[in-house]
Amino acid sequence: MNTIICLRPAFPSVGAARIIAESASFRRAGSKVSFADSLKGSVVREKPASRPNTPAPTWRQARRSERIGDAAADVEGARAAKSRSRAIAARLAAEVERLAVELQASRERIANLEATLDIDPLTETLNRRGFERELKRSLAYVKRYGATAALIYLDLDDFKPVNDRHGHAAGDAVLKAVAAALSSHVRASDVVARIGGDEFAVLLWNIGEQDARAKAAALEAAAYAAPVVWGSSTLAVAASAGVTFCGPTDAAGEVLARADAEMYARKAERRRVAAR
């Protein structure tokens, strides 16, 4: 009788090794399935918890969400633009206000300069430029409304010796005194001007011929009655006045020329009287 002896190999076979490895893997994973079931091929591993079954958004919903997002962005952009616009408007308003103040100040300076251009700085009466402007206005008024106006042209007699003997400062003092005397003897509506070195003009409103000639004589007396004390001397000068009237068809130059001729005629008359 033959005897067969089976010897177990010292090392496990490949299949045994696989089984041992899977058993260890199941223990580590904490599987609830028995190792024997896994060997039978009935291993069912736990599936991870699934998310709620939410249907995918439709194309319309996605498009609507996109439009809502765009609208919200537009609103925010509009708010930001409005805020920037308000800031810009505030800056512009401040700039406009500043420019308006500067413009008003410039207008006032221009008006002062224009007024200065028409004023004689020594006597503070109108100069020739300012007087001719007022004379033109008067002629326009006379022509339109039929009003009356007279022009008195005065020239100081023997004024040059004052400058020659006492200096130009003394002559300036005499001119200022004469201008003040003339201004104090006319109405506020009348116009007094220094139109030359020692020549003055007075424009009288609403006056007749007799009254105008009387006023001319009164202004001659007023000029002589305004002496100036200069050092140890008393300086007084006489004046010769010529009178003419403004007609509705007259030009300013014509009126001045007639008044100037009348003044020279008056000066010659005074000299004849003084020579007797």
# chains A, B, ... in the order shown; residues from 1 in each chain; ligands from 1
$ residues_around --residues "region 118-130 of chain A" --least-positions-apart "4" --cutoff "7 Å" --atoms "only C-alpha atoms" --output "list in words"
Glu114, Glu134, Leu175, Lys176, Ala179, Val192, Ala193, Arg194 and Ile195 of chain A
$ select_by_dssp --residues "region 82-240 of chain A" --states "strand (DSSP E)" --output "PDB file with C-alpha atoms, in the first residue's frame"
ATOM      1  CA  ALA A 149     -29.661 174.545 -22.622  1.00  0.00           C
ATOM      2  CA  ALA A 150     -26.887 177.154 -22.524  1.00  0.00           C
ATOM      3  CA  LEU A 151     -23.123 176.740 -22.631  1.00  0.00           C
ATOM      4  CA  ILE A 152     -20.823 179.168 -20.790  1.00  0.00           C
ATOM      5  CA  TYR A 153     -17.149 179.117 -21.793  1.00  0.00           C
ATOM      6  CA  LEU A 154     -14.743 180.703 -19.276  1.00  0.00           C
ATOM      7  CA  ASP A 155     -11.062 181.557 -19.634  1.00  0.00           C
ATOM      8  CA  LEU A 156      -8.919 182.921 -16.766  1.00  0.00           C
ATOM      9  CA  ASP A 157      -7.321 186.313 -17.379  1.00  0.00           C
ATOM     10  CA  VAL A 191     -22.251 170.430 -15.481  1.00  0.00           C
ATOM     11  CA  VAL A 192     -18.865 172.022 -14.715  1.00  0.00           C
ATOM     12  CA  ALA A 193     -15.714 170.936 -16.530  1.00  0.00           C
ATOM     13  CA  ARG A 194     -12.104 171.964 -17.004  1.00  0.00           C
ATOM     14  CA  GLU A 199     -10.365 177.080 -19.525  1.00  0.00           C
ATOM     15  CA  PHE A 200     -13.654 175.972 -17.984  1.00  0.00           C
ATOM     16  CA  ALA A 201     -17.097 175.175 -19.402  1.00  0.00           C
ATOM     17  CA  VAL A 202     -20.471 175.172 -17.676  1.00  0.00           C
ATOM     18  CA  LEU A 203     -23.566 173.525 -19.172  1.00  0.00           C
ATOM     19  CA  LEU A 204     -26.846 174.934 -17.882  1.00  0.00           C
ATOM     20  CA  TRP A 205     -30.219 173.178 -18.269  1.00  0.00           C
ATOM     21  CA  VAL A 228      -5.591 181.833  -2.893  1.00  0.00           C
ATOM     22  CA  VAL A 229      -3.107 182.724  -0.148  1.00  0.00           C
ATOM     23  CA  TRP A 230       0.309 181.588  -1.296  1.00  0.00           C
ATOM     24  CA  SER A 233       0.932 186.723  -1.553  1.00  0.00           C
ATOM     25  CA  THR A 234      -2.779 186.584  -2.266  1.00  0.00           C
ATOM     26  CA  LEU A 235      -3.462 185.238  -5.731  1.00  0.00           C
ATOM     27  CA  ALA A 238     -10.396 187.324 -13.242  1.00  0.00           C
ATOM     28  CA  ALA A 239     -12.323 185.322 -15.829  1.00  0.00           C
ATOM     29  CA  SER A 240     -14.005 186.111 -19.130  1.00  0.00           C
TER      30      SER A 240
END
$ select_by_dssp --residues "region 127-211 of chain A" --states "alpha helix (DSSP H)" --output "PyMOL selection string"
chain A and resi 128-145+160-166+168-184+209-211
$ write_last_selection --atoms "N, CA and C atoms" --output "short mmCIF file (atom, residue, chain, number, x, y, z; two decimals), in the first residue's frame"
data_model
loop_
_atom_site.label_atom_id
_atom_site.label_comp_id
_atom_site.auth_asym_id
_atom_site.auth_seq_id
_atom_site.Cartn_x
_atom_site.Cartn_y
_atom_site.Cartn_z
N ARG A 128 -12.25 167.40 -20.65
CA ARG A 128 -12.86 167.70 -21.96
C ARG A 128 -13.59 166.48 -22.51
N ARG A 129 -13.03 165.32 -22.35
CA ARG A 129 -13.68 164.10 -22.86
C ARG A 129 -15.04 163.89 -22.20
N GLY A 130 -15.07 164.01 -20.89
CA GLY A 130 -16.33 163.83 -20.18
C GLY A 130 -17.34 164.91 -20.50
N PHE A 131 -16.85 166.15 -20.67
CA PHE A 131 -17.78 167.24 -20.97
C PHE A 131 -18.39 167.08 -22.37
N GLU A 132 -17.59 166.70 -23.34
CA GLU A 132 -18.13 166.51 -24.69
C GLU A 132 -19.17 165.40 -24.71
N ARG A 133 -18.98 164.38 -23.91
CA ARG A 133 -19.99 163.32 -23.82
C ARG A 133 -21.29 163.87 -23.27
N GLU A 134 -21.21 164.67 -22.20
CA GLU A 134 -22.41 165.26 -21.61
C GLU A 134 -23.06 166.27 -22.56
N LEU A 135 -22.25 166.99 -23.31
CA LEU A 135 -22.79 167.96 -24.25
C LEU A 135 -23.57 167.25 -25.36
N LYS A 136 -23.06 166.14 -25.85
CA LYS A 136 -23.77 165.37 -26.88
C LYS A 136 -25.10 164.85 -26.36
N ARG A 137 -25.12 164.39 -25.13
CA ARG A 137 -26.38 163.93 -24.52
C ARG A 137 -27.37 165.09 -24.41
N SER A 138 -26.86 166.25 -24.04
CA SER A 138 -27.75 167.41 -23.90
C SER A 138 -28.34 167.81 -25.24
N LEU A 139 -27.54 167.79 -26.28
CA LEU A 139 -28.04 168.15 -27.61
C LEU A 139 -29.09 167.16 -28.08
N ALA A 140 -28.89 165.88 -27.78
CA ALA A 140 -29.90 164.88 -28.15
C ALA A 140 -31.20 165.12 -27.40
N TYR A 141 -31.09 165.52 -26.14
CA TYR A 141 -32.28 165.79 -25.33
C TYR A 141 -33.00 167.04 -25.85
N VAL A 142 -32.22 168.06 -26.19
CA VAL A 142 -32.81 169.29 -26.72
C VAL A 142 -33.54 169.00 -28.03
N LYS A 143 -32.93 168.22 -28.88
CA LYS A 143 -33.54 167.90 -30.17
C LYS A 143 -34.81 167.09 -30.01
N ARG A 144 -34.84 166.16 -29.08
CA ARG A 144 -35.99 165.26 -28.94
C ARG A 144 -37.14 165.92 -28.19
N TYR A 145 -36.83 166.66 -27.12
CA TYR A 145 -37.90 167.18 -26.26
C TYR A 145 -38.08 168.69 -26.35
N LYS A 160 -1.21 183.12 -16.68
CA LYS A 160 0.19 182.75 -16.94
C LYS A 160 1.17 183.44 -15.98
N PRO A 161 0.98 184.73 -15.64
CA PRO A 161 1.91 185.35 -14.68
C PRO A 161 1.93 184.66 -13.32
N VAL A 162 0.80 184.04 -12.93
CA VAL A 162 0.79 183.32 -11.65
C VAL A 162 1.78 182.17 -11.69
N ASN A 163 1.76 181.39 -12.76
CA ASN A 163 2.70 180.28 -12.89
C ASN A 163 4.14 180.79 -12.98
N ASP A 164 4.33 181.91 -13.73
CA ASP A 164 5.68 182.39 -13.93
C ASP A 164 6.29 182.95 -12.64
N ARG A 165 5.49 183.62 -11.83
CA ARG A 165 6.01 184.27 -10.63
C ARG A 165 6.05 183.35 -9.41
N HIS A 166 5.04 182.49 -9.30
CA HIS A 166 4.91 181.69 -8.07
C HIS A 166 5.05 180.19 -8.27
N HIS A 168 4.19 176.45 -10.70
CA HIS A 168 3.00 175.70 -11.14
C HIS A 168 2.16 175.19 -9.97
N ALA A 169 2.78 174.98 -8.84
CA ALA A 169 2.00 174.54 -7.68
C ALA A 169 1.01 175.62 -7.27
N ALA A 170 1.44 176.90 -7.33
CA ALA A 170 0.54 178.01 -7.02
C ALA A 170 -0.56 178.10 -8.08
N GLY A 171 -0.19 177.89 -9.35
CA GLY A 171 -1.20 177.91 -10.41
C GLY A 171 -2.22 176.79 -10.23
N ASP A 172 -1.77 175.60 -9.81
CA ASP A 172 -2.71 174.50 -9.56
C ASP A 172 -3.68 174.84 -8.43
N ALA A 173 -3.18 175.52 -7.41
CA ALA A 173 -4.04 175.91 -6.29
C ALA A 173 -5.11 176.89 -6.76
N VAL A 174 -4.74 177.80 -7.65
CA VAL A 174 -5.73 178.75 -8.19
C VAL A 174 -6.78 178.02 -9.02
N LEU A 175 -6.36 177.10 -9.85
CA LEU A 175 -7.31 176.35 -10.68
C LEU A 175 -8.30 175.56 -9.81
N LYS A 176 -7.81 174.97 -8.75
CA LYS A 176 -8.71 174.23 -7.85
C LYS A 176 -9.70 175.16 -7.17
N ALA A 177 -9.25 176.33 -6.78
CA ALA A 177 -10.14 177.29 -6.11
C ALA A 177 -11.21 177.80 -7.07
N VAL A 178 -10.83 178.06 -8.31
CA VAL A 178 -11.81 178.53 -9.30
C VAL A 178 -12.83 177.44 -9.60
N ALA A 179 -12.38 176.21 -9.77
CA ALA A 179 -13.30 175.11 -10.04
C ALA A 179 -14.30 174.94 -8.91
N ALA A 180 -13.83 175.03 -7.68
CA ALA A 180 -14.74 174.91 -6.53
C ALA A 180 -15.75 176.05 -6.50
N ALA A 181 -15.31 177.24 -6.84
CA ALA A 181 -16.22 178.40 -6.85
C ALA A 181 -17.28 178.24 -7.92
N LEU A 182 -16.91 177.80 -9.11
CA LEU A 182 -17.89 177.59 -10.17
C LEU A 182 -18.91 176.52 -9.80
N SER A 183 -18.42 175.43 -9.25
CA SER A 183 -19.33 174.32 -8.88
C SER A 183 -20.31 174.74 -7.80
N SER A 184 -19.90 175.62 -6.90
CA SER A 184 -20.79 176.04 -5.81
C SER A 184 -21.84 177.05 -6.26
N GLU A 209 -32.32 183.03 -22.16
CA GLU A 209 -31.14 183.79 -22.55
C GLU A 209 -30.74 184.81 -21.49
N GLN A 210 -31.72 185.53 -20.94
CA GLN A 210 -31.41 186.56 -19.94
C GLN A 210 -30.78 185.93 -18.70
N ASP A 211 -31.36 184.87 -18.24
CA ASP A 211 -30.83 184.20 -17.05
C ASP A 211 -29.45 183.61 -17.33
#
$ closest_residue --among "A:Val273, A:Val186, A:Val237, A:Ala257" --to "Leu219 (chain A)" --atoms "only C-alpha atoms"
A:Val186
$ decode --residues "region 65-142 of chain A" --atoms "C-alpha atoms" --output "mmCIF file, in the first residue's frame"
data_model
loop_
_atom_site.group_PDB
_atom_site.id
_atom_site.type_symbol
_atom_site.label_atom_id
_atom_site.label_comp_id
_atom_site.auth_asym_id
_atom_site.auth_seq_id
_atom_site.Cartn_x
_atom_site.Cartn_y
_atom_site.Cartn_z
ATOM 1 C CA SER A 65 -30.868 85.340 -13.491
ATOM 2 C CA GLU A 66 -28.310 86.855 -15.823
ATOM 3 C CA ARG A 67 -30.629 89.770 -16.628
ATOM 4 C CA ILE A 68 -31.313 90.369 -12.912
ATOM 5 C CA GLY A 69 -27.588 90.458 -12.243
ATOM 6 C CA ASP A 70 -27.044 92.871 -15.114
ATOM 7 C CA ALA A 71 -29.865 95.107 -13.870
ATOM 8 C CA ALA A 72 -28.412 95.167 -10.357
ATOM 9 C CA ALA A 73 -25.015 96.097 -11.792
ATOM 10 C CA ASP A 74 -26.618 98.851 -13.870
ATOM 11 C CA VAL A 75 -28.359 100.256 -10.788
ATOM 12 C CA GLU A 76 -25.122 100.350 -8.841
ATOM 13 C CA GLY A 77 -23.351 101.942 -11.779
ATOM 14 C CA ALA A 78 -26.103 104.550 -12.110
ATOM 15 C CA ARG A 79 -25.855 105.376 -8.401
ATOM 16 C CA ALA A 80 -22.115 105.795 -8.649
ATOM 17 C CA ALA A 81 -22.465 107.944 -11.786
ATOM 18 C CA LYS A 82 -25.126 110.070 -10.074
ATOM 19 C CA SER A 83 -22.866 110.592 -7.080
ATOM 20 C CA ARG A 84 -20.000 111.639 -9.350
ATOM 21 C CA SER A 85 -22.312 113.949 -11.295
ATOM 22 C CA ARG A 86 -23.436 115.646 -8.089
ATOM 23 C CA ALA A 87 -19.841 116.181 -7.039
ATOM 24 C CA ILE A 88 -18.973 117.624 -10.447
ATOM 25 C CA ALA A 89 -22.072 119.855 -10.381
ATOM 26 C CA ALA A 90 -21.117 121.150 -6.921
ATOM 27 C CA ARG A 91 -17.606 121.982 -8.109
ATOM 28 C CA LEU A 92 -18.954 123.696 -11.211
ATOM 29 C CA ALA A 93 -21.442 125.713 -9.147
ATOM 30 C CA ALA A 94 -18.642 126.865 -6.853
ATOM 31 C CA GLU A 95 -16.519 127.788 -9.857
ATOM 32 C CA VAL A 96 -19.381 129.712 -11.465
ATOM 33 C CA GLU A 97 -19.983 131.621 -8.234
ATOM 34 C CA ARG A 98 -16.293 132.481 -7.975
ATOM 35 C CA LEU A 99 -16.202 133.658 -11.576
ATOM 36 C CA ALA A 100 -19.356 135.732 -11.039
ATOM 37 C CA VAL A 101 -17.723 137.493 -8.083
ATOM 38 C CA GLU A 102 -14.588 138.141 -10.128
ATOM 39 C CA LEU A 103 -16.677 139.401 -13.063
ATOM 40 C CA GLN A 104 -18.571 141.831 -10.825
ATOM 41 C CA ALA A 105 -15.310 143.085 -9.335
ATOM 42 C CA SER A 106 -13.883 143.522 -12.849
ATOM 43 C CA ARG A 107 -16.962 145.453 -13.950
ATOM 44 C CA GLU A 108 -16.641 147.758 -10.960
ATOM 45 C CA ARG A 109 -12.957 148.345 -11.692
ATOM 46 C CA ILE A 110 -13.757 149.078 -15.336
ATOM 47 C CA ALA A 111 -16.513 151.488 -14.314
ATOM 48 C CA ASN A 112 -14.121 153.246 -11.934
ATOM 49 C CA LEU A 113 -11.477 153.466 -14.646
ATOM 50 C CA GLU A 114 -13.994 154.834 -17.138
ATOM 51 C CA ALA A 115 -15.138 157.410 -14.598
ATOM 52 C CA THR A 116 -11.520 158.332 -13.928
ATOM 53 C CA LEU A 117 -10.950 158.834 -17.635
ATOM 54 C CA ASP A 118 -13.687 161.491 -17.645
ATOM 55 C CA ILE A 119 -12.485 163.322 -14.506
ATOM 56 C CA ASP A 120 -9.830 166.001 -14.296
ATOM 57 C CA PRO A 121 -7.554 164.773 -11.473
ATOM 58 C CA LEU A 122 -6.598 168.291 -10.346
ATOM 59 C CA THR A 123 -10.001 169.971 -10.027
ATOM 60 C CA GLU A 124 -12.117 166.792 -9.753
ATOM 61 C CA THR A 125 -14.518 168.177 -12.341
ATOM 62 C CA LEU A 126 -15.160 166.648 -15.757
ATOM 63 C CA ASN A 127 -12.355 166.870 -18.280
ATOM 64 C CA ARG A 128 -12.857 167.700 -21.960
ATOM 65 C CA ARG A 129 -13.679 164.103 -22.861
ATOM 66 C CA GLY A 130 -16.333 163.827 -20.179
ATOM 67 C CA PHE A 131 -17.781 167.237 -20.970
ATOM 68 C CA GLU A 132 -18.127 166.513 -24.695
ATOM 69 C CA ARG A 133 -19.985 163.324 -23.823
ATOM 70 C CA GLU A 134 -22.414 165.261 -21.612
ATOM 71 C CA LEU A 135 -22.792 167.960 -24.253
ATOM 72 C CA LYS A 136 -23.768 165.373 -26.883
ATOM 73 C CA ARG A 137 -26.375 163.932 -24.524
ATOM 74 C CA SER A 138 -27.745 167.405 -23.901
ATOM 75 C CA LEU A 139 -28.035 168.153 -27.606
ATOM 76 C CA ALA A 140 -29.901 164.879 -28.151
ATOM 77 C CA TYR A 141 -32.281 165.795 -25.332
ATOM 78 C CA VAL A 142 -32.808 169.291 -26.723
#
